[in-house]
file run-v6.txt (compact mmCIF, C-alpha atoms)
# COMPACT_ATOMS: atom_id res chain seq x y z
CA MET A 18 -0.68 25.50 -18.39
CA LYS A 19 2.70 25.48 -16.67
CA ILE A 20 4.08 24.99 -13.17
CA THR A 21 4.83 28.25 -11.42
CA ILE A 22 6.93 28.21 -8.27
CA PRO A 23 7.51 31.48 -6.36
CA ASP A 24 11.06 32.79 -6.11
CA SER A 25 12.77 32.22 -2.78
CA PRO A 26 16.07 33.21 -1.14
CA TYR A 27 16.36 29.62 0.08
CA LYS A 28 17.62 26.60 -1.77
CA ARG A 29 14.82 24.47 -3.21
CA VAL A 30 14.11 20.89 -2.20
CA VAL A 31 11.77 19.16 -4.65
CA ILE A 32 10.06 16.02 -3.33
CA ILE A 33 8.46 13.68 -5.87
CA GLY A 34 5.70 11.65 -4.23
CA GLY A 35 3.46 12.28 -1.24
CA GLY A 36 3.45 8.87 0.38
CA PHE A 37 4.61 8.18 3.92
CA GLY A 38 8.20 9.26 3.21
CA GLY A 39 7.50 12.32 1.07
CA LEU A 40 4.86 13.67 3.45
CA LYS A 41 7.04 13.15 6.53
CA LEU A 42 10.05 14.81 4.88
CA ALA A 43 8.05 17.84 3.76
CA ARG A 44 6.69 18.41 7.26
CA ASP A 45 10.01 17.78 9.03
CA LEU A 46 11.84 20.22 6.71
CA ASN A 47 9.35 22.99 7.49
CA LYS A 48 11.17 26.18 8.53
CA LYS A 49 14.57 24.50 8.25
CA GLY A 50 16.03 26.95 5.74
CA TYR A 51 14.69 25.47 2.48
CA GLN A 52 11.94 26.13 -0.01
CA ILE A 53 9.98 22.88 -0.06
CA VAL A 54 8.06 21.79 -3.16
CA LEU A 55 6.09 18.53 -3.13
CA ILE A 56 4.83 17.13 -6.43
CA ASP A 57 2.32 14.29 -6.75
CA LYS A 58 0.00 13.17 -9.52
CA ASN A 59 -2.87 13.03 -7.00
CA ASN A 60 -3.99 15.84 -4.72
CA TYR A 61 -4.23 13.56 -1.69
CA HIS A 62 -2.18 11.28 0.53
CA THR A 63 -3.38 7.66 0.75
CA PHE A 64 -3.03 5.54 3.88
CA GLN A 65 -2.27 2.37 1.94
CA PRO A 66 -2.38 -0.17 4.83
CA LEU A 67 -6.17 0.26 4.95
CA LEU A 68 -6.87 0.05 1.22
CA TYR A 69 -8.20 -3.49 1.62
CA GLN A 70 -10.87 -2.13 3.99
CA VAL A 71 -12.06 0.24 1.28
CA ALA A 72 -12.17 -2.71 -1.13
CA THR A 73 -14.22 -4.84 1.28
CA GLY A 74 -16.67 -2.09 2.22
CA GLN A 75 -15.49 -1.44 5.77
CA LEU A 76 -14.33 2.13 5.11
CA GLU A 77 -15.06 4.86 2.62
CA ALA A 78 -12.18 6.07 0.49
CA THR A 79 -12.32 9.52 2.12
CA SER A 80 -11.55 7.89 5.48
CA ILE A 81 -8.03 6.94 4.42
CA ALA A 82 -7.23 9.84 2.08
CA THR A 83 -6.29 13.37 3.06
CA PRO A 84 -5.84 16.33 0.66
CA PHE A 85 -2.26 17.60 0.65
CA ARG A 86 -3.45 21.17 0.93
CA THR A 87 -5.26 20.26 4.15
CA VAL A 88 -2.13 18.62 5.55
CA PHE A 89 0.06 21.62 4.66
CA ARG A 90 -2.21 24.41 5.95
CA LYS A 91 0.17 25.09 8.84
CA TYR A 92 3.36 24.35 6.91
CA ASP A 93 5.44 26.36 4.45
CA VAL A 94 5.20 23.67 1.79
CA ILE A 95 4.33 24.33 -1.85
CA PHE A 96 2.20 21.58 -3.39
CA ARG A 97 1.74 21.08 -7.11
CA MET A 98 -0.41 18.37 -8.67
CA ALA A 99 1.52 17.07 -11.66
CA GLU A 100 3.03 13.88 -13.01
CA VAL A 101 6.80 13.74 -13.29
CA VAL A 102 7.80 12.16 -16.60
CA LYS A 103 11.57 12.64 -16.58
CA ILE A 104 14.49 13.69 -14.41
CA ILE A 105 17.25 15.77 -16.01
CA PRO A 106 20.15 15.61 -13.51
CA LYS A 107 22.65 17.57 -15.65
CA GLU A 108 20.32 20.57 -15.61
CA ASN A 109 19.06 20.10 -12.04
CA LYS A 110 15.46 20.00 -13.16
CA ILE A 111 12.54 17.64 -13.63
CA GLU A 112 10.07 17.49 -16.48
CA THR A 113 6.38 17.12 -15.64
CA ASN A 114 3.23 16.97 -17.74
CA LEU A 115 2.78 20.68 -16.93
CA GLY A 116 6.34 21.92 -17.47
CA HIS A 117 9.78 22.00 -15.90
CA VAL A 118 10.73 22.53 -12.26
CA SER A 119 14.30 23.27 -11.17
CA TYR A 120 15.80 22.03 -7.92
CA ASP A 121 18.83 22.36 -5.72
CA TYR A 122 18.10 19.04 -4.05
CA LEU A 123 15.79 16.36 -5.40
CA VAL A 124 14.16 13.63 -3.32
CA ILE A 125 12.53 10.70 -5.11
CA ALA A 126 9.80 9.23 -2.91
CA THR A 127 7.66 7.60 -5.59
CA GLY A 128 7.06 4.37 -3.68
CA SER A 129 6.27 1.12 -5.42
CA ILE A 130 3.95 -0.39 -7.99
CA THR A 131 2.55 -3.90 -8.40
CA ASN A 132 5.04 -6.49 -9.62
CA TYR A 133 3.55 -9.27 -11.77
CA PHE A 134 6.90 -11.01 -12.27
CA GLY A 135 6.45 -11.11 -16.03
CA LEU A 136 3.01 -12.80 -15.96
CA GLU A 137 1.32 -10.69 -18.60
CA ASP A 138 -1.96 -12.64 -18.55
CA VAL A 139 -2.20 -12.21 -14.78
CA LYS A 140 -1.54 -8.50 -15.19
CA LYS A 141 -4.30 -8.29 -17.80
CA TYR A 142 -7.07 -10.19 -16.02
CA SER A 143 -6.36 -9.78 -12.31
CA VAL A 144 -7.01 -6.78 -10.06
CA SER A 145 -4.33 -5.29 -7.82
CA MET A 146 -4.74 -3.03 -4.80
CA LYS A 147 -2.13 -0.27 -4.68
CA THR A 148 -4.38 2.77 -5.18
CA ILE A 149 -7.77 4.02 -4.05
CA ASN A 150 -9.11 3.60 -7.59
CA GLU A 151 -8.09 -0.06 -7.57
CA ALA A 152 -9.65 -0.59 -4.14
CA LEU A 153 -12.92 0.92 -5.37
CA ASN A 154 -12.75 -1.29 -8.46
CA LEU A 155 -12.44 -4.32 -6.22
CA ARG A 156 -15.43 -3.30 -4.12
CA SER A 157 -17.56 -2.88 -7.23
CA MET A 158 -16.31 -6.17 -8.64
CA PHE A 159 -17.27 -8.13 -5.51
CA LEU A 160 -20.78 -6.66 -5.47
CA GLN A 161 -21.36 -6.87 -9.24
CA ASN A 162 -20.39 -10.54 -9.13
CA LEU A 163 -23.06 -11.23 -6.53
CA GLU A 164 -25.70 -9.19 -8.34
CA GLU A 165 -25.01 -11.22 -11.48
CA ALA A 166 -24.84 -14.54 -9.63
CA VAL A 167 -28.38 -14.23 -8.21
CA ASN A 168 -29.74 -14.38 -11.76
CA LEU A 169 -27.91 -17.58 -12.69
CA GLU A 170 -28.58 -21.25 -12.22
CA ILE A 171 -26.13 -23.31 -10.20
CA GLY A 172 -23.20 -24.14 -12.43
CA ASP A 173 -19.67 -23.20 -13.38
CA HIS A 174 -20.49 -19.61 -14.36
CA GLN A 175 -22.18 -18.86 -11.05
CA GLU A 176 -19.37 -20.68 -9.25
CA SER A 177 -16.74 -18.54 -10.96
CA LEU A 178 -18.51 -15.38 -9.79
CA LEU A 179 -18.75 -16.55 -6.19
CA ASP A 180 -15.26 -17.97 -5.75
CA LEU A 181 -12.35 -15.64 -5.06
CA ILE A 182 -8.59 -16.02 -5.33
CA VAL A 183 -6.13 -13.87 -3.37
CA VAL A 184 -2.49 -14.28 -4.42
CA GLY A 185 0.16 -13.29 -1.89
CA GLY A 186 0.64 -14.35 1.72
CA GLY A 187 1.94 -11.05 3.07
CA PRO A 188 -0.07 -8.71 5.32
CA THR A 189 -2.20 -7.32 2.47
CA GLY A 190 -3.06 -10.78 1.18
CA ILE A 191 -4.06 -12.32 4.49
CA GLU A 192 -5.95 -9.20 5.58
CA THR A 193 -7.91 -9.18 2.32
CA ALA A 194 -8.69 -12.90 2.51
CA GLY A 195 -9.76 -12.58 6.15
CA ALA A 196 -12.02 -9.61 5.41
CA LEU A 197 -13.67 -11.45 2.50
CA ALA A 198 -14.23 -14.51 4.69
CA GLU A 199 -16.03 -12.36 7.26
CA LEU A 200 -18.22 -10.87 4.54
CA LYS A 201 -19.05 -14.38 3.37
CA SER A 202 -20.04 -15.47 6.88
CA HIS A 203 -21.74 -12.40 8.36
CA VAL A 204 -22.86 -10.00 5.65
CA TYR A 205 -23.48 -11.44 2.21
CA PRO A 206 -25.91 -14.19 3.34
CA ASN A 207 -28.23 -11.51 4.76
CA ASP A 208 -28.16 -9.46 1.56
CA TYR A 209 -28.25 -12.28 -1.01
CA LYS A 210 -30.60 -14.87 0.45
CA GLU A 211 -30.98 -16.52 -2.96
CA LEU A 212 -27.35 -17.66 -2.93
CA ASP A 213 -25.82 -20.58 -1.05
CA PHE A 214 -22.62 -19.15 0.42
CA HIS A 215 -21.46 -22.59 1.51
CA ARG A 216 -20.50 -22.90 -2.15
CA MET A 217 -18.38 -19.74 -2.06
CA ASP A 218 -14.68 -20.59 -1.78
CA ILE A 219 -11.93 -18.14 -0.90
CA HIS A 220 -8.41 -19.24 -1.86
CA LEU A 221 -5.18 -17.71 -0.59
CA ILE A 222 -2.14 -18.69 -2.63
CA GLU A 223 1.43 -18.21 -1.39
CA ALA A 224 4.58 -19.35 -3.17
CA ALA A 225 6.64 -19.58 0.03
CA PRO A 226 6.38 -22.43 2.56
CA ARG A 227 4.62 -20.17 5.07
CA LEU A 228 2.58 -16.97 5.35
CA LEU A 229 4.00 -13.67 6.61
CA GLY A 230 7.58 -14.58 5.80
CA ALA A 231 8.98 -11.51 7.58
CA MET A 232 7.43 -12.58 10.88
CA THR A 233 8.18 -15.55 13.17
CA GLU A 234 7.20 -19.12 12.27
CA LYS A 235 4.78 -19.27 15.20
CA THR A 236 3.11 -16.09 13.95
CA SER A 237 2.82 -17.58 10.46
CA GLU A 238 1.17 -20.71 11.85
CA LYS A 239 -1.23 -18.63 13.93
CA ALA A 240 -2.25 -16.56 10.92
CA LYS A 241 -2.85 -19.73 8.89
CA GLU A 242 -4.90 -21.16 11.75
CA TYR A 243 -7.09 -18.02 11.91
CA LEU A 244 -7.64 -18.01 8.16
CA GLU A 245 -8.60 -21.67 8.02
CA ALA A 246 -10.97 -21.18 10.93
CA LEU A 247 -12.70 -18.54 8.81
CA GLY A 248 -12.99 -21.03 5.94
CA VAL A 249 -10.16 -19.75 3.74
CA HIS A 250 -8.35 -22.38 1.67
CA VAL A 251 -4.64 -21.69 2.19
CA HIS A 252 -2.27 -23.00 -0.51
CA LEU A 253 1.42 -22.87 0.50
CA ASN A 254 4.38 -23.67 -1.75
CA THR A 255 2.05 -22.80 -4.59
CA SER A 256 2.30 -20.18 -7.31
CA VAL A 257 0.14 -19.02 -10.18
CA ASN A 258 1.65 -19.81 -13.58
CA SER A 259 -1.08 -18.16 -15.61
CA TYR A 260 -4.63 -16.82 -15.43
CA ASP A 261 -7.13 -16.41 -18.27
CA GLY A 262 -9.91 -14.61 -16.41
CA GLN A 263 -11.71 -17.87 -15.58
CA TYR A 264 -9.10 -20.32 -14.33
CA ALA A 265 -5.89 -19.81 -12.35
CA TYR A 266 -3.35 -22.42 -13.43
CA LEU A 267 -0.99 -23.41 -10.62
CA ASN A 268 2.58 -24.71 -10.60
CA ASN A 269 1.39 -28.05 -9.15
CA GLY A 270 -0.70 -28.78 -12.24
CA LYS A 271 -4.04 -27.90 -10.63
CA LYS A 272 -6.39 -25.13 -11.63
CA ILE A 273 -8.92 -23.04 -9.69
CA LEU A 274 -12.12 -21.70 -11.19
CA SER A 275 -12.72 -18.01 -10.44
CA SER A 276 -13.45 -14.89 -12.45
CA SER A 277 -11.87 -12.77 -9.71
CA LEU A 278 -8.17 -12.90 -8.88
CA ILE A 279 -6.74 -10.30 -6.49
CA TRP A 280 -2.97 -9.93 -6.90
CA THR A 281 -1.01 -8.87 -3.79
CA ALA A 282 2.05 -11.04 -4.44
CA GLY A 283 4.73 -8.42 -4.85
CA VAL A 284 5.85 -4.88 -5.59
CA GLU A 285 8.70 -3.18 -7.40
CA GLY A 286 10.11 0.32 -7.33
CA ASN A 287 8.24 3.04 -9.19
CA THR A 288 11.18 4.56 -11.03
CA ILE A 289 11.23 7.65 -13.25
CA PRO A 290 13.27 7.90 -16.46
CA GLY A 291 16.46 9.93 -16.25
CA ILE A 292 18.41 8.16 -13.53
CA ASP A 293 21.50 6.21 -14.68
CA SER A 294 20.64 2.53 -15.14
CA ASN A 295 23.71 1.60 -13.09
CA ALA A 296 21.93 3.07 -10.07
CA ILE A 297 18.96 0.71 -10.42
CA ALA A 298 19.05 -2.38 -8.23
CA ARG A 299 17.03 -5.58 -8.22
CA GLY A 300 13.32 -4.96 -7.84
CA ASN A 301 13.60 -1.72 -9.82
CA ARG A 302 14.77 0.15 -6.72
CA LEU A 303 17.36 2.94 -6.66
CA LYS A 304 20.72 2.23 -5.05
CA VAL A 305 21.45 4.68 -2.23
CA ASN A 306 24.43 5.07 0.08
CA ASP A 307 24.35 5.43 3.87
CA TYR A 308 23.18 9.03 3.48
CA LEU A 309 20.34 8.09 1.07
CA GLN A 310 22.08 9.73 -1.91
CA ILE A 311 21.47 7.87 -5.16
CA GLN A 312 24.59 6.21 -6.52
CA GLY A 313 26.40 8.67 -8.77
CA TYR A 314 24.51 11.78 -7.61
CA GLU A 315 25.33 14.15 -4.76
CA ASN A 316 22.12 16.20 -4.72
CA ILE A 317 19.55 13.50 -5.58
CA PHE A 318 18.18 11.31 -2.80
CA ALA A 319 15.70 8.44 -2.63
CA ILE A 320 13.56 7.41 0.33
CA GLY A 321 10.93 4.79 1.05
CA ASP A 322 10.12 1.76 -1.11
CA ILE A 323 12.05 3.12 -4.08
CA ALA A 324 15.33 3.26 -2.12
CA ALA A 325 17.64 0.28 -1.74
CA GLN A 326 20.50 0.97 0.65
CA ILE A 327 23.33 -1.13 -0.78
CA THR A 328 26.89 -0.61 0.43
CA ASP A 329 30.05 -2.66 0.95
CA LYS A 330 28.80 -3.59 4.41
CA LYS A 331 25.14 -4.03 3.45
CA THR A 332 24.25 -6.08 0.40
CA LYS A 333 20.60 -6.83 1.29
CA PRO A 334 18.29 -3.79 1.19
CA ASP A 335 15.78 -3.04 3.92
CA PRO A 336 12.15 -4.18 3.49
CA MET A 337 9.67 -2.10 1.51
CA VAL A 338 7.45 -1.04 4.41
CA ALA A 339 5.98 2.25 5.66
CA PRO A 340 8.18 2.50 8.81
CA LEU A 341 11.27 2.45 6.59
CA ALA A 342 9.97 5.42 4.59
CA VAL A 343 9.25 7.38 7.78
CA GLN A 344 12.70 6.64 9.19
CA HIS A 345 14.33 7.59 5.87
CA ALA A 346 12.47 10.91 5.88
CA THR A 347 13.35 11.67 9.49
CA LEU A 348 17.07 11.20 8.88
CA LEU A 349 17.14 13.02 5.55
CA ALA A 350 15.36 16.05 7.04
CA LYS A 351 17.92 16.07 9.83
CA ASN A 352 20.82 15.79 7.38
CA LEU A 353 19.57 18.54 5.08
CA TYR A 354 19.18 20.79 8.10
CA ARG A 355 22.70 19.86 9.22
CA LYS A 356 23.91 20.91 5.77
CA THR A 357 22.65 24.45 6.40
CA LYS A 358 24.83 24.44 9.53
CA GLN A 359 27.79 23.03 7.55
CA LYS A 360 27.74 19.84 9.57
CA PRO A 361 28.43 16.37 8.08
CA PHE A 362 25.63 13.95 7.21
CA LEU A 363 24.68 11.17 9.59
CA PRO A 364 24.39 7.58 8.25
CA PHE A 365 21.07 5.77 8.09
CA GLN A 366 20.39 2.64 10.11
CA TYR A 367 16.98 0.99 9.89
CA VAL A 368 15.35 0.05 13.18
CA ASP A 369 12.78 -2.72 12.84
CA LYS A 370 10.08 -1.88 15.38
CA GLY A 371 7.96 -4.91 14.56
CA SER A 372 5.25 -6.17 12.23
CA MET A 373 1.55 -6.85 12.51
CA ALA A 374 -1.43 -8.07 10.52
CA THR A 375 -5.12 -8.57 11.20
CA ILE A 376 -7.12 -11.53 9.93
CA GLY A 377 -10.53 -10.41 11.11
CA LYS A 378 -12.49 -9.34 14.15
CA ASN A 379 -10.54 -10.23 17.32
CA LYS A 380 -7.95 -12.03 15.22
CA ALA A 381 -4.54 -10.46 14.66
CA VAL A 382 -0.85 -11.25 14.98
CA VAL A 383 1.78 -8.83 16.27
CA ASN A 384 5.58 -9.15 16.49
CA ILE A 385 7.31 -6.38 18.46
CA LYS A 386 11.00 -7.12 18.93
CA SER A 387 11.11 -10.37 20.92
CA MET A 388 7.43 -10.21 21.92
CA GLU A 389 4.55 -11.90 20.14
CA PHE A 390 0.84 -11.25 20.60
CA TYR A 391 -2.15 -13.03 19.14
CA GLY A 392 -5.93 -12.84 19.17
CA ILE A 393 -8.02 -10.05 20.61
CA PHE A 394 -5.19 -8.22 22.39
CA ALA A 395 -3.14 -8.16 19.19
CA TRP A 396 -6.23 -6.97 17.32
CA PHE A 397 -6.63 -3.98 19.64
CA ILE A 398 -2.92 -3.16 19.20
CA TRP A 399 -3.37 -3.30 15.44
CA VAL A 400 -6.44 -1.01 15.57
CA PHE A 401 -4.73 1.52 17.85
CA VAL A 402 -1.55 1.70 15.77
CA HIS A 403 -3.39 2.13 12.48
CA ILE A 404 -5.80 4.75 13.79
CA MET A 405 -3.00 6.81 15.30
CA ALA A 406 -0.93 6.54 12.10
CA LEU A 407 -3.64 8.25 10.02
CA VAL A 408 -2.55 11.73 8.95
CA ASP A 409 -5.72 13.69 9.68
CA PHE A 410 -7.52 13.87 13.05
CA ARG A 411 -10.88 13.82 11.28
CA ASN A 412 -9.98 10.52 9.62
CA ARG A 413 -8.97 9.03 12.96
CA ILE A 414 -12.40 9.83 14.40
CA ILE A 415 -14.25 8.47 11.35
CA VAL A 416 -12.23 5.25 11.26
CA PHE A 417 -12.67 4.76 15.02
CA ILE A 418 -16.46 5.16 14.71
CA ASN A 419 -16.55 2.73 11.77
CA TYR A 420 -14.52 0.16 13.69
CA ALA A 421 -16.73 0.52 16.75
CA TRP A 422 -19.88 0.10 14.67
CA ASN A 423 -18.53 -2.90 12.77
CA TYR A 424 -17.29 -4.46 15.99
CA LEU A 425 -20.75 -4.30 17.58
CA ASN A 426 -22.80 -5.63 14.69
CA SER A 427 -20.33 -7.22 12.19
CA ASP A 428 -22.06 -5.34 9.38
CA LYS A 429 -19.80 -3.84 6.72
CA SER A 430 -22.34 -1.25 5.68
CA ILE A 431 -20.60 0.40 2.71
CA ARG A 432 -21.95 -1.83 -0.03
CA LEU A 433 -22.72 0.63 -2.79
CA ILE A 434 -21.79 0.20 -6.45
CA LEU A 435 -20.96 3.83 -7.16
CA ARG A 436 -18.72 3.10 -10.12
CA THR A 437 -19.07 0.17 -12.50
CA PHE A 438 -16.15 -2.20 -12.67
CA GLN A 439 -15.28 -3.02 -16.27
CA ARG A 440 -13.98 -6.56 -16.50
CA VAL A 441 -11.29 -7.24 -19.13
CA LYS A 442 -12.61 -9.52 -21.86
call {"tool": "encode", "arguments": {"input": "run-v6.txt", "output": "structure tokens"}}
result
Amino acid sequence: MKITIPDSPYKRVVIIGGGFGGLKLARDLNKKGYQIVLIDKNNYHTFQPLLYQVATGQLEATSIATPFRTVFRKYDVIFRMAEVVKIIPKENKIETNLGHVSYDYLVIATGSITNYFGLEDVKKYSVSMKTINEALNLRSMFLQNLEEAVNLEIGDHQESLLDLIVVGGGPTGIETAGALAELKSHVYPNDYKELDFHRMDIHLIEAAPRLLGAMTEKTSEKAKEYLEALGVHVHLNTSVNSYDGQYAYLNNGKKILSSSLIWTAGVEGNTIPGIDSNAIARGNRLKVNDYLQIQGYENIFAIGDIAAQITDKKTKPDPMVAPLAVQHATLLAKNLYRKTKQKPFLPFQYVDKGSMATIGKNKAVVNIKSMEFYGIFAWFIWVFVHIMALVDFRNRIIVFINYAWNYLNSDKSIRLILRTFQRVK
């Protein structure tokens, strides 16, 4: 098998990765004088901010995933499902598992992967949540633990199956911990009457002195207050030194018993071999200039999490968040179109439009510029923003119906073990 791309009179823009940035760029470049080729190892776009809801049984995976070919039905975009293994800049081509693809302009939008900060035992025994497969693994793990626990006597083994550890106090970490706490309070006791869920502990571990470090201190305190009200044990100024699949060993000398550790503590750029190592910045991100060109290359760009805009005037890169990827894509599409008109590129300037996180039903925190919202109003803002950000109209309707149902009866109904989670031994 090989990749076949139709000939075109237009110059070819190859986009690697169909995340927020890659998808936005492909659509914005439509009919702008280029042949657009998007390559991704999956045949679908994933709405990553809601992965934790797939893991905790609030949404099905199909609710947050949309096939690329569905997205591009009304666009002149060529999609190919392949994995890029190498970039060959001198020949203006990329090597995939199916063959080579040439380009006139290359855009790397490969996003990020989980960063374990060199903790190999944590990487081996914990579960991360960056993909749909990982979210489904988590859902199976939670339910398999409970199914096993009902057959055990009270003791350390049963305790390790019930207790959960979430590492990372960013939005994903607190949203996951909050969702698990709601399951513990409103759902699991009805399904597993043999178990005493007062003995189930949920721990959230954060190395920094407060949660949600990118948001205001008041917002951090509010999030901590909501989590503790739900029964989550919040550990600040605490990090995990090691994990053996049964105990998490902390930097303060303590240890926590749990066979389930969910790692959301950090990400790093998902680089591809072939780019000069001098263009790789801290966090495995690619150094880009004001026009999003990778250092040392005129026709190779990077957008989204993988891109670190580092210049003489800007030494600290922008945060690795979805709005950055969208803004990158918007500007790059505009600049590539300007190039067809022989106009100069415009520089990129990130505009922080705010941050938000939900901790559970009627509990959310929102920072928008100088404004802060908490509680039920913030929760409705969070719901509205996330529903409207979904790519497909069908998914918006399905997610809205699921939210409405869950809001009325607090029952996270998707509790099926459709795939067995294989724990590392």
call {"tool": "closest_residue", "arguments": {"input": "run-v6.txt", "among": "A:Tyr308, A:Tyr209, A:Asn269, A:Gly300", "to": "Pro361 in chain A", "atoms": "all atoms listed in the file"}}
result
A:Tyr308
call {"tool": "atom_distance", "arguments": {"input": "run-v6.txt", "atom1": "CA of Phe37 in chain A", "atom2": "CA of His345 in chain A"}}
result
9.9 Å
call {"tool": "residues_around", "arguments": {"input": "run-v6.txt", "residues": "range 43-49 of chain A", "least_positions_apart": "4", "cutoff": "12 Å", "atoms": "only C-alpha atoms", "output": "PyMOL selection string"}}
result
chain A and resi 27-39+53-56+85+88-96+124+126+343-358+408
call {"tool": "residues_around", "arguments": {"input": "run-v6.txt", "residues": "Ile171 in chain A", "least_positions_apart": "3", "cutoff": "10 Å", "atoms": "all atoms listed in the file", "output": "PDB file with C-alpha atoms, in the coordinates of the input"}}
result
ATOM      1  CA  ALA A 166     -24.840 -14.540  -9.630  1.00  0.00           C
ATOM      2  CA  VAL A 167     -28.380 -14.230  -8.210  1.00  0.00           C
ATOM      3  CA  ASN A 168     -29.740 -14.380 -11.760  1.00  0.00           C
ATOM      4  CA  HIS A 174     -20.490 -19.610 -14.360  1.00  0.00           C
ATOM      5  CA  GLN A 175     -22.180 -18.860 -11.050  1.00  0.00           C
ATOM      6  CA  GLU A 176     -19.370 -20.680  -9.250  1.00  0.00           C
ATOM      7  CA  LEU A 212     -27.350 -17.660  -2.930  1.00  0.00           C
ATOM      8  CA  ASP A 213     -25.820 -20.580  -1.050  1.00  0.00           C
ATOM      9  CA  ARG A 216     -20.500 -22.900  -2.150  1.00  0.00           C
TER      10      ARG A 216
END
call {"tool": "residues_around", "arguments": {"input": "run-v6.txt", "residues": "Arg302 in chain A", "least_positions_apart": "5", "cutoff": "9 Å", "atoms": "all atoms listed in the file", "output": "mmCIF file with C-alpha atoms, in the coordinates of the input"}}
result
data_model
loop_
_atom_site.group_PDB
_atom_site.id
_atom_site.type_symbol
_atom_site.label_atom_id
_atom_site.label_comp_id
_atom_site.auth_asym_id
_atom_site.auth_seq_id
_atom_site.Cartn_x
_atom_site.Cartn_y
_atom_site.Cartn_z
ATOM 1 C CA SER A 129 6.270 1.120 -5.420
ATOM 2 C CA GLU A 285 8.700 -3.180 -7.400
ATOM 3 C CA GLY A 286 10.110 0.320 -7.330
ATOM 4 C CA ASN A 287 8.240 3.040 -9.190
ATOM 5 C CA THR A 288 11.180 4.560 -11.030
ATOM 6 C CA ALA A 296 21.930 3.070 -10.070
ATOM 7 C CA ILE A 297 18.960 0.710 -10.420
ATOM 8 C CA ASP A 322 10.120 1.760 -1.110
ATOM 9 C CA ILE A 323 12.050 3.120 -4.080
ATOM 10 C CA ALA A 324 15.330 3.260 -2.120
ATOM 11 C CA ALA A 325 17.640 0.280 -1.740
#
call {"tool": "closest_residue", "arguments": {"input": "run-v6.txt", "among": "A:Glu77, A:Asp261, A:Asp329, A:Glu164", "to": "Lys210 in chain A", "atoms": "all atoms listed in the file"}}
result
A:Glu164
call {"tool": "residues_around", "arguments": {"input": "run-v6.txt", "residues": "Gly187 in chain A", "least_positions_apart": "5", "cutoff": "8 Å", "atoms": "only C-alpha atoms", "output": "list in words"}}
result
Leu228, Leu229, Gly230, Thr281 and Ala282 of chain A
call {"tool": "closest_residue", "arguments": {"input": "run-v6.txt", "among": "A:Thr83, A:Asn132, A:Ser25, A:Thr148", "to": "Tyr120 in chain A", "atoms": "all atoms listed in the file"}}
result
A:Ser25
call {"tool": "closest_residue", "arguments": {"input": "run-v6.txt", "among": "A:Ala224, A:Val183, A:Val383, A:Val118", "to": "Ile22 in chain A", "atoms": "all atoms listed in the file"}}
result
A:Val118
